[in-house]
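Q: upload.txt is the file, holding compact mmCIF, C-alpha atoms:
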```
# COMPACT_ATOMS: atom_id res chain seq x y z
CA MET A 7 30.92 -67.39 -29.76
CA VAL A 8 32.30 -68.16 -33.19
CA GLY A 9 35.95 -68.13 -34.12
CA ARG A 10 37.99 -68.78 -37.28
CA ARG A 11 39.19 -72.21 -38.24
CA HIS A 12 41.56 -72.87 -41.12
CA GLY A 13 41.91 -76.03 -43.15
CA ARG A 14 40.45 -77.94 -46.08
CA SER A 15 37.84 -79.99 -44.24
CA LYS A 16 34.16 -79.24 -44.83
CA PRO A 17 32.97 -76.09 -43.09
CA LEU A 18 30.69 -76.33 -40.09
CA ASN A 19 28.48 -73.28 -40.36
CA ILE A 20 26.38 -71.46 -37.81
CA LEU A 21 23.37 -73.06 -39.48
CA SER A 22 23.28 -76.72 -38.58
CA GLY A 23 24.02 -78.96 -41.55
CA CYS A 24 24.66 -76.13 -44.05
CA GLU A 25 28.06 -76.02 -45.71
CA VAL A 26 27.87 -72.40 -46.85
CA GLY A 27 30.87 -70.36 -45.84
CA PRO A 28 34.29 -70.08 -44.21
CA MET A 29 35.49 -72.47 -41.53
CA VAL A 30 34.02 -71.59 -38.15
CA TRP A 31 33.74 -73.22 -34.78
CA VAL A 32 30.32 -73.10 -33.19
CA ALA A 33 29.59 -72.88 -29.48
CA ARG A 34 26.16 -73.16 -27.92
CA MET A 35 24.72 -69.73 -27.32
CA ASP A 36 21.72 -68.70 -25.25
CA THR A 37 19.03 -66.32 -26.50
CA ARG A 38 20.27 -63.38 -24.45
CA THR A 39 23.76 -63.61 -25.95
CA LYS A 40 22.36 -63.93 -29.47
CA LEU A 41 20.11 -60.93 -28.91
CA THR A 42 23.03 -58.86 -27.65
CA ILE A 43 25.09 -59.64 -30.76
CA LEU A 44 22.34 -59.38 -33.38
CA ALA A 45 20.62 -56.28 -31.99
CA ASP A 46 24.00 -54.50 -31.93
CA ALA A 47 24.72 -55.64 -35.50
CA ALA A 48 21.40 -54.17 -36.68
CA LYS A 49 22.23 -50.65 -35.49
CA TYR A 50 24.02 -49.80 -38.75
CA ASP A 51 20.81 -50.12 -40.76
CA ALA A 52 19.17 -46.69 -40.86
CA SER A 53 16.30 -47.62 -43.17
CA CYS A 54 14.01 -48.50 -40.32
CA ALA A 55 10.82 -46.55 -39.83
CA SER A 56 7.26 -47.41 -39.04
CA GLY A 57 4.20 -45.91 -40.61
CA GLY A 58 2.08 -45.70 -43.69
CA ALA A 59 -0.18 -48.64 -42.94
CA GLN A 60 -3.20 -48.98 -40.71
CA GLN A 61 -4.69 -52.13 -39.30
CA LYS A 62 -6.78 -51.97 -36.18
CA GLY A 63 -6.89 -54.71 -33.61
CA ASP A 64 -10.04 -56.82 -33.72
CA GLY A 65 -10.07 -57.95 -30.11
CA VAL A 66 -9.01 -61.47 -31.08
CA SER A 67 -5.79 -61.17 -33.08
CA LEU A 68 -2.51 -60.00 -31.59
CA GLY A 69 -1.36 -56.38 -31.95
CA SER A 70 -2.38 -53.43 -34.09
CA ARG A 71 -0.87 -50.54 -36.01
CA ARG A 72 -2.06 -46.99 -36.59
CA ARG A 73 -2.14 -44.62 -39.52
CA MET A 74 0.92 -42.66 -38.42
CA GLY A 75 2.84 -45.76 -37.36
CA ILE A 76 2.96 -48.16 -34.46
CA CYS A 77 2.51 -46.96 -30.89
CA HIS A 78 6.01 -45.99 -29.85
CA SER A 79 7.16 -46.56 -26.31
CA TYR A 80 10.10 -44.72 -24.78
CA THR A 81 12.42 -45.67 -21.98
CA PRO A 82 13.11 -43.15 -19.18
CA ASP A 83 16.31 -42.08 -20.96
CA GLY A 84 14.40 -41.30 -24.17
CA ARG A 85 15.29 -44.33 -26.30
CA CYS A 86 12.56 -45.61 -28.60
CA ILE A 87 12.14 -49.33 -28.05
CA SER A 88 8.93 -49.91 -29.94
CA LEU A 89 10.41 -51.99 -32.77
CA LEU A 90 12.36 -55.16 -32.18
CA LYS A 91 15.22 -54.41 -34.59
CA ILE A 92 17.55 -57.35 -35.11
CA LEU A 93 19.40 -59.39 -37.71
CA LEU A 94 18.47 -62.99 -38.35
CA THR A 95 22.23 -63.56 -38.49
CA ASN A 96 25.35 -61.41 -38.67
CA TYR A 97 27.12 -64.07 -40.70
CA CYS A 98 27.44 -63.09 -44.37
CA ILE A 99 29.02 -64.68 -47.42
CA TYR A 100 29.71 -61.23 -48.92
CA ASP A 101 32.79 -59.15 -48.24
CA CYS A 102 31.47 -55.57 -48.44
CA HIS A 103 34.39 -53.47 -47.27
CA TYR A 104 32.31 -50.96 -45.28
CA CYS A 105 30.33 -53.61 -43.38
CA THR A 106 31.33 -54.89 -39.97
CA ASN A 107 29.51 -58.16 -40.71
CA ARG A 108 31.53 -58.93 -43.85
CA ILE A 109 32.90 -62.44 -44.22
CA SER A 110 36.49 -61.34 -43.57
CA SER A 111 35.60 -59.61 -40.30
CA ASP A 112 36.71 -61.37 -37.14
CA ILE A 113 33.69 -60.69 -34.93
CA PRO A 114 31.45 -62.89 -32.77
CA ARG A 115 28.75 -64.49 -34.91
CA ALA A 116 25.25 -65.55 -34.00
CA THR A 117 22.10 -66.77 -35.73
CA PHE A 118 18.45 -66.97 -34.78
CA THR A 119 16.16 -69.56 -36.26
CA PRO A 120 12.85 -68.19 -37.60
CA LYS A 121 11.06 -69.87 -34.69
CA GLU A 122 13.32 -68.09 -32.18
CA VAL A 123 12.64 -64.68 -33.74
CA VAL A 124 8.90 -65.29 -33.65
CA GLN A 125 8.96 -66.35 -30.02
CA LEU A 126 11.22 -63.44 -29.07
CA LEU A 127 8.88 -60.90 -30.65
CA LEU A 128 5.80 -62.42 -29.05
CA ASP A 129 7.48 -62.44 -25.63
CA PHE A 130 8.54 -58.80 -26.03
CA TYR A 131 5.11 -57.79 -27.28
CA ARG A 132 3.29 -59.41 -24.38
CA ARG A 133 5.57 -57.50 -22.01
CA ASN A 134 4.72 -54.26 -23.84
CA TYR A 135 8.35 -53.76 -24.84
CA VAL A 136 7.70 -53.56 -28.59
CA GLU A 137 4.87 -53.09 -31.04
CA GLY A 138 6.51 -54.45 -34.18
CA LEU A 139 9.51 -55.97 -35.89
CA PHE A 140 12.33 -54.80 -38.13
CA LEU A 141 14.18 -57.83 -39.45
CA SER A 142 17.27 -57.89 -41.64
CA SER A 143 20.03 -60.42 -42.15
CA GLY A 144 23.43 -61.19 -43.50
CA ILE A 145 23.43 -63.40 -46.59
CA ILE A 146 23.41 -67.08 -45.64
CA LYS A 147 24.33 -69.55 -48.38
CA SER A 148 22.43 -67.58 -51.07
CA PRO A 149 19.99 -64.66 -51.39
CA ASP A 150 17.02 -67.00 -51.90
CA PHE A 151 17.92 -69.16 -48.92
CA THR A 152 18.17 -66.08 -46.70
CA MET A 153 14.95 -64.54 -47.98
CA GLU A 154 13.04 -67.77 -47.38
CA ARG A 155 13.95 -67.61 -43.70
CA LEU A 156 13.00 -63.92 -43.40
CA VAL A 157 9.65 -64.58 -45.05
CA GLU A 158 9.03 -67.56 -42.79
CA VAL A 159 9.30 -65.29 -39.73
CA ALA A 160 6.66 -62.91 -41.11
CA ARG A 161 4.43 -65.76 -42.30
CA SER A 162 4.49 -67.47 -38.93
CA LEU A 163 3.67 -64.26 -37.10
CA ARG A 164 0.72 -63.48 -39.37
CA GLU A 165 -0.74 -66.94 -39.97
CA ASP A 166 0.27 -69.02 -36.96
CA HIS A 167 -0.05 -66.34 -34.28
CA GLY A 168 -2.45 -63.79 -35.78
CA PHE A 169 0.02 -60.93 -35.27
CA ARG A 170 -1.36 -57.70 -36.76
CA GLY A 171 1.40 -55.35 -35.68
CA TYR A 172 4.00 -53.66 -37.86
CA ILE A 173 6.56 -55.80 -39.74
CA HIS A 174 9.43 -54.40 -41.81
CA LEU A 175 11.49 -56.92 -43.79
CA LYS A 176 14.82 -56.19 -45.44
CA THR A 177 14.73 -57.62 -48.95
CA VAL A 178 17.84 -59.30 -50.32
CA PRO A 179 18.75 -58.20 -53.88
CA GLY A 180 18.69 -60.94 -56.49
CA VAL A 181 15.97 -63.09 -54.91
CA ALA A 182 13.30 -64.92 -56.88
CA ALA A 183 10.15 -62.97 -57.72
CA GLU A 184 7.89 -65.38 -55.82
CA LEU A 185 9.82 -64.67 -52.61
CA LEU A 186 9.27 -60.93 -53.06
CA THR A 187 5.57 -61.62 -53.57
CA LYS A 188 5.40 -63.60 -50.33
CA ALA A 189 7.40 -60.98 -48.43
CA GLY A 190 5.06 -58.16 -49.47
CA ARG A 191 2.05 -60.23 -48.56
CA PHE A 192 3.13 -60.55 -44.92
CA ALA A 193 5.20 -57.37 -44.34
CA ASP A 194 4.00 -53.78 -44.05
CA ARG A 195 7.19 -52.35 -45.51
CA LEU A 196 10.03 -53.78 -47.58
CA SER A 197 13.42 -52.22 -48.08
CA VAL A 198 16.31 -52.95 -50.42
CA ASN A 199 19.54 -51.17 -49.51
CA ILE A 200 21.26 -49.54 -52.47
CA GLU A 201 24.20 -48.66 -50.14
CA VAL A 202 26.07 -46.31 -52.53
CA PRO A 203 24.82 -44.05 -55.34
CA THR A 204 26.62 -45.44 -58.40
CA ALA A 205 27.65 -48.76 -59.91
CA ALA A 206 31.28 -47.66 -59.80
CA ASP A 207 31.00 -46.99 -56.06
CA LEU A 208 29.45 -50.40 -55.50
CA ALA A 209 32.25 -52.09 -57.44
CA LEU A 210 34.74 -50.29 -55.20
CA VAL A 211 33.27 -51.20 -51.80
CA ALA A 212 30.99 -54.21 -52.48
CA PRO A 213 32.30 -56.09 -55.52
CA GLU A 214 29.91 -59.04 -55.02
CA LYS A 215 26.82 -56.85 -55.26
CA ARG A 216 25.28 -55.48 -58.45
CA LEU A 217 23.33 -52.25 -58.71
CA ASP A 218 21.14 -53.87 -61.37
CA ASP A 219 20.00 -56.52 -58.88
CA VAL A 220 19.09 -53.85 -56.32
CA GLU A 221 17.05 -51.83 -58.79
CA LYS A 222 15.38 -54.91 -60.28
CA ALA A 223 14.16 -55.79 -56.78
CA MET A 224 12.88 -52.23 -56.30
CA GLU A 225 11.14 -52.35 -59.67
CA LYS A 226 9.47 -55.67 -58.85
CA ILE A 227 8.24 -54.38 -55.48
CA TRP A 228 6.88 -51.24 -57.16
CA ALA A 229 5.09 -53.32 -59.83
CA LEU A 230 3.55 -55.63 -57.24
CA ARG A 231 2.36 -52.64 -55.19
CA GLU A 232 0.73 -51.09 -58.26
CA GLU A 233 -0.94 -54.38 -59.11
CA SER A 234 -2.24 -54.66 -55.55
CA LYS A 235 -3.64 -51.12 -55.67
CA HIS A 236 -5.57 -51.88 -58.86
CA GLU A 237 -6.96 -55.10 -57.39
CA ARG A 238 -8.03 -53.38 -54.18
CA ALA A 239 -9.71 -50.62 -56.15
CA LYS A 240 -11.93 -53.30 -57.70
CA THR A 241 -12.21 -55.51 -54.62
CA PRO A 242 -11.50 -53.77 -51.30
CA ARG A 243 -11.05 -57.13 -49.59
CA ALA A 244 -8.22 -58.12 -51.93
CA PRO A 245 -4.89 -58.68 -50.09
CA SER A 246 -2.57 -55.70 -49.90
CA PHE A 247 1.10 -55.76 -50.81
CA ALA A 248 3.60 -53.93 -48.57
CA PRO A 249 1.05 -51.19 -47.73
CA ALA A 250 3.69 -48.99 -46.11
CA GLY A 251 5.78 -49.01 -49.31
CA GLN A 252 9.50 -49.53 -49.72
CA SER A 253 12.61 -47.68 -48.61
CA THR A 254 16.37 -47.87 -49.01
CA GLN A 255 19.61 -46.70 -47.42
CA MET A 256 22.75 -45.02 -48.72
CA VAL A 257 26.03 -44.92 -46.84
CA VAL A 258 27.44 -41.39 -46.95
CA GLY A 259 31.17 -40.77 -47.06
CA ALA A 260 32.43 -44.29 -47.82
CA THR A 261 33.06 -43.37 -51.48
CA PRO A 262 34.14 -40.15 -53.22
CA SER A 263 30.71 -39.45 -54.75
CA PRO A 264 29.60 -35.89 -53.92
CA ASP A 265 26.22 -34.91 -52.50
CA ALA A 266 24.99 -33.94 -55.99
CA THR A 267 25.39 -37.55 -57.16
CA ILE A 268 23.68 -38.90 -54.04
CA LEU A 269 20.71 -36.57 -54.54
CA GLN A 270 20.46 -37.40 -58.25
CA THR A 271 20.29 -41.10 -57.40
CA SER A 272 17.68 -40.46 -54.69
CA GLN A 273 15.52 -38.45 -57.08
CA ARG A 274 15.71 -41.22 -59.67
CA LEU A 275 14.67 -43.84 -57.11
CA TYR A 276 11.73 -41.75 -55.93
CA THR A 277 10.58 -41.14 -59.49
CA SER A 278 11.18 -44.61 -60.94
CA TYR A 279 10.19 -46.90 -58.08
CA GLY A 280 7.92 -44.85 -55.84
CA LEU A 281 10.13 -45.16 -52.76
CA ARG A 282 8.73 -43.76 -49.52
CA ARG A 283 12.10 -42.84 -48.09
CA VAL A 284 15.80 -42.83 -48.83
CA TYR A 285 17.75 -43.00 -45.59
CA TYR A 286 21.25 -41.59 -45.31
CA SER A 287 23.77 -43.14 -42.94
CA ALA A 288 27.14 -41.51 -42.31
CA TYR A 289 29.97 -43.98 -42.88
CA SER A 290 31.42 -45.29 -39.63
CA PRO A 291 35.03 -46.56 -39.81
CA ILE A 292 35.31 -50.15 -38.67
CA PRO A 293 38.29 -52.13 -37.29
CA GLU A 294 40.64 -53.62 -39.89
CA ALA A 295 38.85 -51.74 -42.65
CA ASP A 296 39.88 -51.92 -46.29
CA PRO A 297 42.62 -49.34 -47.01
CA ARG A 298 40.51 -47.87 -49.82
CA LEU A 299 37.97 -46.66 -47.29
CA PRO A 300 38.29 -43.34 -45.45
CA LEU A 301 40.09 -43.47 -42.12
CA THR A 302 37.74 -40.97 -40.50
CA ALA A 303 33.98 -40.62 -40.46
CA PRO A 304 32.36 -37.75 -42.37
CA SER A 305 30.77 -34.93 -40.43
CA LEU A 306 27.33 -35.83 -39.13
CA TRP A 307 26.27 -32.43 -40.46
CA ARG A 308 26.64 -33.90 -43.96
CA GLU A 309 24.11 -36.62 -43.15
CA HIS A 310 21.81 -34.00 -41.61
CA ARG A 311 22.03 -31.70 -44.67
CA LEU A 312 21.25 -34.60 -46.99
CA TYR A 313 18.08 -35.32 -45.05
CA GLN A 314 17.10 -31.64 -45.38
CA ALA A 315 17.87 -31.70 -49.11
CA ASP A 316 15.89 -34.91 -49.50
CA TRP A 317 12.90 -33.15 -47.93
CA LEU A 318 13.25 -30.37 -50.51
CA LEU A 319 13.21 -32.95 -53.31
CA ARG A 320 10.08 -34.69 -52.07
CA PHE A 321 7.90 -31.85 -50.84
CA TYR A 322 9.20 -28.50 -52.11
CA GLY A 323 9.67 -29.09 -55.82
CA PHE A 324 13.44 -28.59 -55.90
CA SER A 325 15.62 -30.50 -58.34
CA PRO A 326 19.04 -31.97 -57.40
CA SER A 327 20.80 -29.48 -59.70
CA GLU A 328 19.21 -26.56 -57.81
CA ILE A 329 20.18 -27.89 -54.40
CA ALA A 330 23.69 -29.01 -55.38
CA PRO A 331 24.67 -27.30 -58.66
CA PRO A 332 27.82 -28.32 -60.59
CA GLU A 333 29.83 -25.45 -59.09
CA HIS A 334 28.80 -26.55 -55.56
CA PRO A 335 28.46 -30.38 -55.74
CA ASN A 336 28.61 -30.78 -51.96
CA LEU A 337 26.07 -29.22 -49.61
CA PRO A 338 27.46 -26.51 -47.31
CA LEU A 339 27.67 -27.76 -43.75
CA HIS A 340 27.13 -24.35 -42.16
CA THR A 341 23.83 -23.54 -43.93
CA ASP A 342 20.69 -25.53 -44.58
CA PRO A 343 20.18 -26.32 -48.30
CA LYS A 344 17.11 -24.13 -48.72
CA LEU A 345 18.84 -21.06 -47.32
CA ALA A 346 21.94 -21.83 -49.39
CA TRP A 347 19.81 -21.90 -52.54
CA ALA A 348 18.17 -18.59 -51.59
CA LEU A 349 21.54 -16.93 -51.05
CA ARG A 350 22.63 -18.07 -54.52
CA ASN A 351 19.40 -16.69 -56.01
CA LEU A 352 18.81 -13.38 -54.22
CA GLY A 353 17.30 -12.00 -57.43
CA ASP A 354 14.20 -14.14 -56.77
CA PHE A 355 13.52 -12.27 -53.53
CA PRO A 356 11.70 -10.66 -51.83
CA VAL A 357 8.50 -12.65 -52.42
CA ASP A 358 5.16 -10.92 -51.89
CA VAL A 359 3.20 -13.21 -49.55
CA ASN A 360 -0.08 -11.66 -50.73
CA ARG A 361 0.47 -12.38 -54.44
CA ALA A 362 3.12 -15.05 -54.88
CA SER A 363 2.28 -18.56 -56.07
CA ARG A 364 2.62 -21.64 -53.91
CA GLU A 365 5.77 -22.61 -55.83
CA GLN A 366 7.37 -19.25 -54.99
CA LEU A 367 6.33 -19.29 -51.34
CA VAL A 368 7.67 -22.76 -50.54
CA ARG A 369 11.12 -21.59 -51.62
CA VAL A 370 11.24 -18.87 -48.99
CA PRO A 371 13.66 -19.83 -46.16
CA GLY A 372 11.61 -20.36 -43.03
CA LEU A 373 8.30 -21.11 -44.77
CA GLY A 374 7.19 -24.74 -44.63
CA VAL A 375 4.57 -26.39 -46.82
CA ARG A 376 1.95 -26.31 -44.09
CA ASN A 377 2.37 -22.60 -43.41
CA VAL A 378 2.29 -21.85 -47.14
CA LEU A 379 -1.07 -23.59 -47.42
CA ARG A 380 -2.34 -21.56 -44.47
CA ILE A 381 -1.15 -18.32 -46.09
CA LEU A 382 -2.81 -19.19 -49.40
CA GLU A 383 -6.10 -19.89 -47.63
CA LEU A 384 -5.98 -16.89 -45.30
CA ARG A 385 -5.09 -14.29 -47.95
CA ARG A 386 -8.38 -15.02 -49.71
CA HIS A 387 -10.07 -13.25 -46.82
CA GLN A 388 -7.51 -10.69 -45.56
CA GLU A 389 -4.15 -9.13 -46.28
CA ILE A 390 -1.11 -10.90 -44.87
CA ARG A 391 0.81 -8.64 -42.52
CA ILE A 392 3.79 -9.19 -40.23
CA GLU A 393 1.56 -9.92 -37.27
CA THR A 394 -0.44 -12.38 -39.40
CA LEU A 395 2.68 -14.43 -40.07
CA ALA A 396 3.48 -14.39 -36.36
CA ARG A 397 -0.01 -15.73 -35.56
CA LEU A 398 0.51 -18.52 -38.09
CA GLY A 399 3.65 -19.59 -36.24
CA VAL A 400 6.09 -18.50 -38.96
CA ARG A 401 9.64 -17.92 -37.68
CA TRP A 402 9.89 -14.24 -38.47
CA GLN A 403 13.64 -14.04 -37.89
CA LYS A 404 14.20 -16.51 -40.76
CA VAL A 405 11.70 -15.16 -43.30
CA ARG A 406 11.86 -11.40 -42.74
CA TYR A 407 14.60 -10.68 -45.31
CA PHE A 408 12.87 -12.69 -48.03
CA VAL A 409 9.21 -11.60 -47.95
CA GLU A 410 7.11 -8.51 -48.56
CA THR A 411 3.99 -7.97 -46.46
CA ALA A 412 0.99 -5.63 -46.70
CA ASP A 413 2.32 -3.36 -43.93
CA GLY A 414 5.67 -2.66 -45.60
CA ASN A 415 8.28 -5.01 -44.17
CA PRO A 416 11.57 -3.01 -44.16
CA TYR A 417 14.01 -5.92 -43.97
CA PRO A 418 14.19 -6.94 -47.68
CA ALA A 419 16.11 -3.73 -48.33
CA TRP A 420 19.14 -5.46 -46.79
CA LEU A 421 19.23 -8.07 -49.55
CA THR A 422 21.27 -5.70 -51.70
CA THR A 423 23.76 -4.93 -48.93
CA ASN A 424 27.33 -5.86 -49.82
CA GLY A 425 28.36 -9.05 -48.04
CA PHE A 426 24.80 -10.10 -47.19
CA SER A 427 25.36 -13.71 -48.28
CA ARG A 428 28.81 -13.91 -46.70
CA LEU A 429 27.47 -13.04 -43.27
CA PHE A 430 25.34 -16.17 -43.22
CA SER A 431 28.43 -18.36 -43.51
CA GLN A 432 30.45 -16.83 -40.68
CA GLY A 433 28.99 -19.16 -38.11
CA ARG A 434 26.26 -21.71 -37.71
CA GLY A 435 23.30 -20.66 -35.64
CA GLU A 436 24.85 -17.51 -34.22
CA GLN A 437 23.49 -14.00 -34.62
CA LEU A 438 25.45 -11.86 -37.05
CA SER A 439 25.29 -8.13 -37.65
CA LEU A 440 25.54 -6.33 -40.97
CA PHE A 441 27.75 -3.77 -39.29
CA PRO A 442 31.19 -4.23 -37.68
CA ALA A 443 31.71 -4.29 -33.95
CA GLY A 444 31.16 -0.89 -32.37
CA ALA A 445 28.33 0.13 -34.67
CA HIS A 446 25.02 1.09 -33.12
CA PRO A 447 23.21 -2.19 -32.29
CA THR A 448 19.85 -0.87 -33.53
CA SER A 449 21.11 0.57 -36.80
CA ALA A 450 20.80 -2.76 -38.68
CA PRO A 451 18.94 -6.01 -38.31
CA LEU A 452 20.48 -9.25 -37.11
CA LEU A 453 21.05 -12.12 -39.47
CA LEU A 454 20.53 -15.69 -38.44
CA GLY A 455 22.90 -18.16 -40.01
CA GLU A 456 20.59 -21.07 -39.25
```
Show how you would write the structure in this file as structure tokens.

A:
Amino acid sequence: MVGRRHGRSKPLNILSGCEVGPMVWVARMDTRTKLTILADAAKYDASCASGGAQQKGDGVSLGSRRRMGICHSYTPDGRCISLLKILLTNYCIYDCHYCTNRISSDIPRATFTPKEVVQLLLDFYRRNYVEGLFLSSGIIKSPDFTMERLVEVARSLREDHGFRGYIHLKTVPGVAAELLTKAGRFADRLSVNIEVPTAADLALVAPEKRLDDVEKAMEKIWALREESKHERAKTPRAPSFAPAGQSTQMVVGATPSPDATILQTSQRLYTSYGLRRVYYSAYSPIPEADPRLPLTAPSLWREHRLYQADWLLRFYGFSPSEIAPPEHPNLPLHTDPKLAWALRNLGDFPVDVNRASREQLVRVPGLGVRNVLRILELRRHQEIRIETLARLGVRWQKVRYFVETADGNPYPAWLTTNGFSRLFSQGRGEQLSLFPAGAHPTSAPLLLGE
């Protein structure tokens, strides 16, 4: 365990022989204790997902990964334990106010050497506990010094041990370009956490970090991926670079920025740097937090709605201004973003499922991209009726007010009923009637708020 030590003598850091930070005392620590500390410290990083790269086992090398991701294993209580998700160290020279691992935090500290991480993963893999690795770290001494150690873990696994399983490395902003090149050579996915959506937010909660450094790292990863794609198009045996792409994370609720700003930043990152995912992590208050940070955590529904809105950006053709317009900069917690948009634009409905374009159909609440493609294909051969939608697996209770079918769906008539939109906001997920209590239960349809 590591504790504080005050004085002017040279610091003895958790890394033997490195004078890199505040005064600390070091006690010998076994692997189990280190794993307990560093696995717990890694739980705050949401930008951890497997997938997007395929590499089959060859019968000689160690491990494999599949097109849809590594082979996940689940414990009896439902926890996914397929990725060994740890920090190299929870010591950090930065003082990000929202981070429990910040330099001013008085918590137990631990550090793995690259060799220890490699051996730990191999031991876990051979016991069928994990199929891959997610490795991040606090900043030790400097960004380059830290990144060198992260890359060494991936290099050793690939070259020394022939490991062909999934590896996700967290990239440190501000590192040298050659380190990014090495990281992408050995890792399936790289991620650079942007943390907050604006430079002003970053100055507020992480004054030692620069948004320019984060985006320069993203731009370099994107450029190296594009270069690799061109090379592989000419020579299929050419080495790939981070084949599963890059991702990032934003902390939600630590700064005053509304959802509209978060979504605008996400859209820019997707467009400019080809990110696979932006992950959203609700701010979690930490002990002895900076007084400028909120005292309470935001609703987890806000995180959930941002994920839904993010899906609309990536697959449904919505823009941030449509999902979170200036008059409603924060997403409603009681309604999913797609339904909220529909209720603000009732003039665009009902949509005729037999004639509408793909762009119109994907905006119908309750219709997903896959079902829209099925409708477009099926209507070439037959008319789409209510029973047809049911056979396709469409949730009729969600779509019935917003579509017209060949057999005369009666429900769209209720779109013009006074208070139609208001009824959706009276409760989340509960059935609501257009008529007050005491009215005949069959005289009007039920509305679903979710």

Q: Each side padded by 6 Å, which centre and which edge lengths in Å (one decimal) define the axis-aligned box around the listed atoms of segment 110-127 of chain A? Give them as AutoDock Vina command-line options.

A:
```
--center_x 22.8 --center_y -64.7 --center_z -36.3 --size_x 39.8 --size_y 22.3 --size_z 26.5
```

Q: Kindly indicate which residue among A:Ala250, A:Arg195, A:Gly399, A:Glu201 lies nearest to Gly374 of chain A, using only C-alpha atoms for the distances.

A: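 Result for the nearest residue to Gly374 of chain A: A:Gly399.
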
Q: I'd like the interatomic distance between atom CA of Ala346 of chain A and atom CA of Asp413 of chain A, to a tenth of an Å.

A: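 Going from atom CA of Ala346 of chain A over to atom CA of Asp413 of chain A, I get 27.5 Å.
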
Q: Between atom CA of Arg115 of chain A and atom CA of Leu44 of chain A, what is the distance in Å, rounded to a tenth?

A: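 Separating atom CA of Arg115 of chain A from atom CA of Leu44 of chain A is a distance of 8.3 Å.
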
Q: Which one is closest to Leu384 of chain A: A:Leu398, A:Ser278, A:Val368, A:Gly138? Count only C-alpha atoms.

A: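 For Leu384 of chain A, the nearest of the candidates is A:Leu398.
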
Q: Could you check which of A:Leu139, A:Val198, A:Leu395, A:Val400 is closest to Ala412 of chain A, using all atoms listed in the file?

A: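 Distance minimum relative to Ala412 of chain A lands on A:Leu395.
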
Q: Distance atom CA of Thr422 of chain A-atom CA of Ala362 of chain A, one decimal place?

A: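 If I compute the distance from atom CA of Thr422 of chain A to atom CA of Ala362 of chain A, I get 20.7 Å.
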
Q: Any idea what's packed within 12 Å of Ala396 of chain A, counting all atoms listed in the file, ignoring anything in its chain fewer than 5 positions away? Could you give it as a list in words?

A: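 Surrounding residues, per the criterion: Leu373, Asn377, Ile381, Ile390, Arg391, Arg401, Trp402, Gln403, Lys404, Val405, Arg406 and Thr411 of chain A.
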
Q: Using only C-alpha atoms, which residue out of A:Ile392, A:Leu275, A:Leu175, A:Ala303 lies closest to Pro291 of chain A?

A: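 Of A:Ile392, A:Leu275, A:Leu175, A:Ala303, the one nearest Pro291 of chain A is A:Ala303, counting only C-alpha atoms.
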
Q: Using all atoms listed in the file, which residue out of A:Leu352, A:Val375, A:Leu306, A:Met35 lies closest to Phe321 of chain A?

A: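 Of the candidates, the smallest distance to Phe321 of chain A is held by A:Val375.
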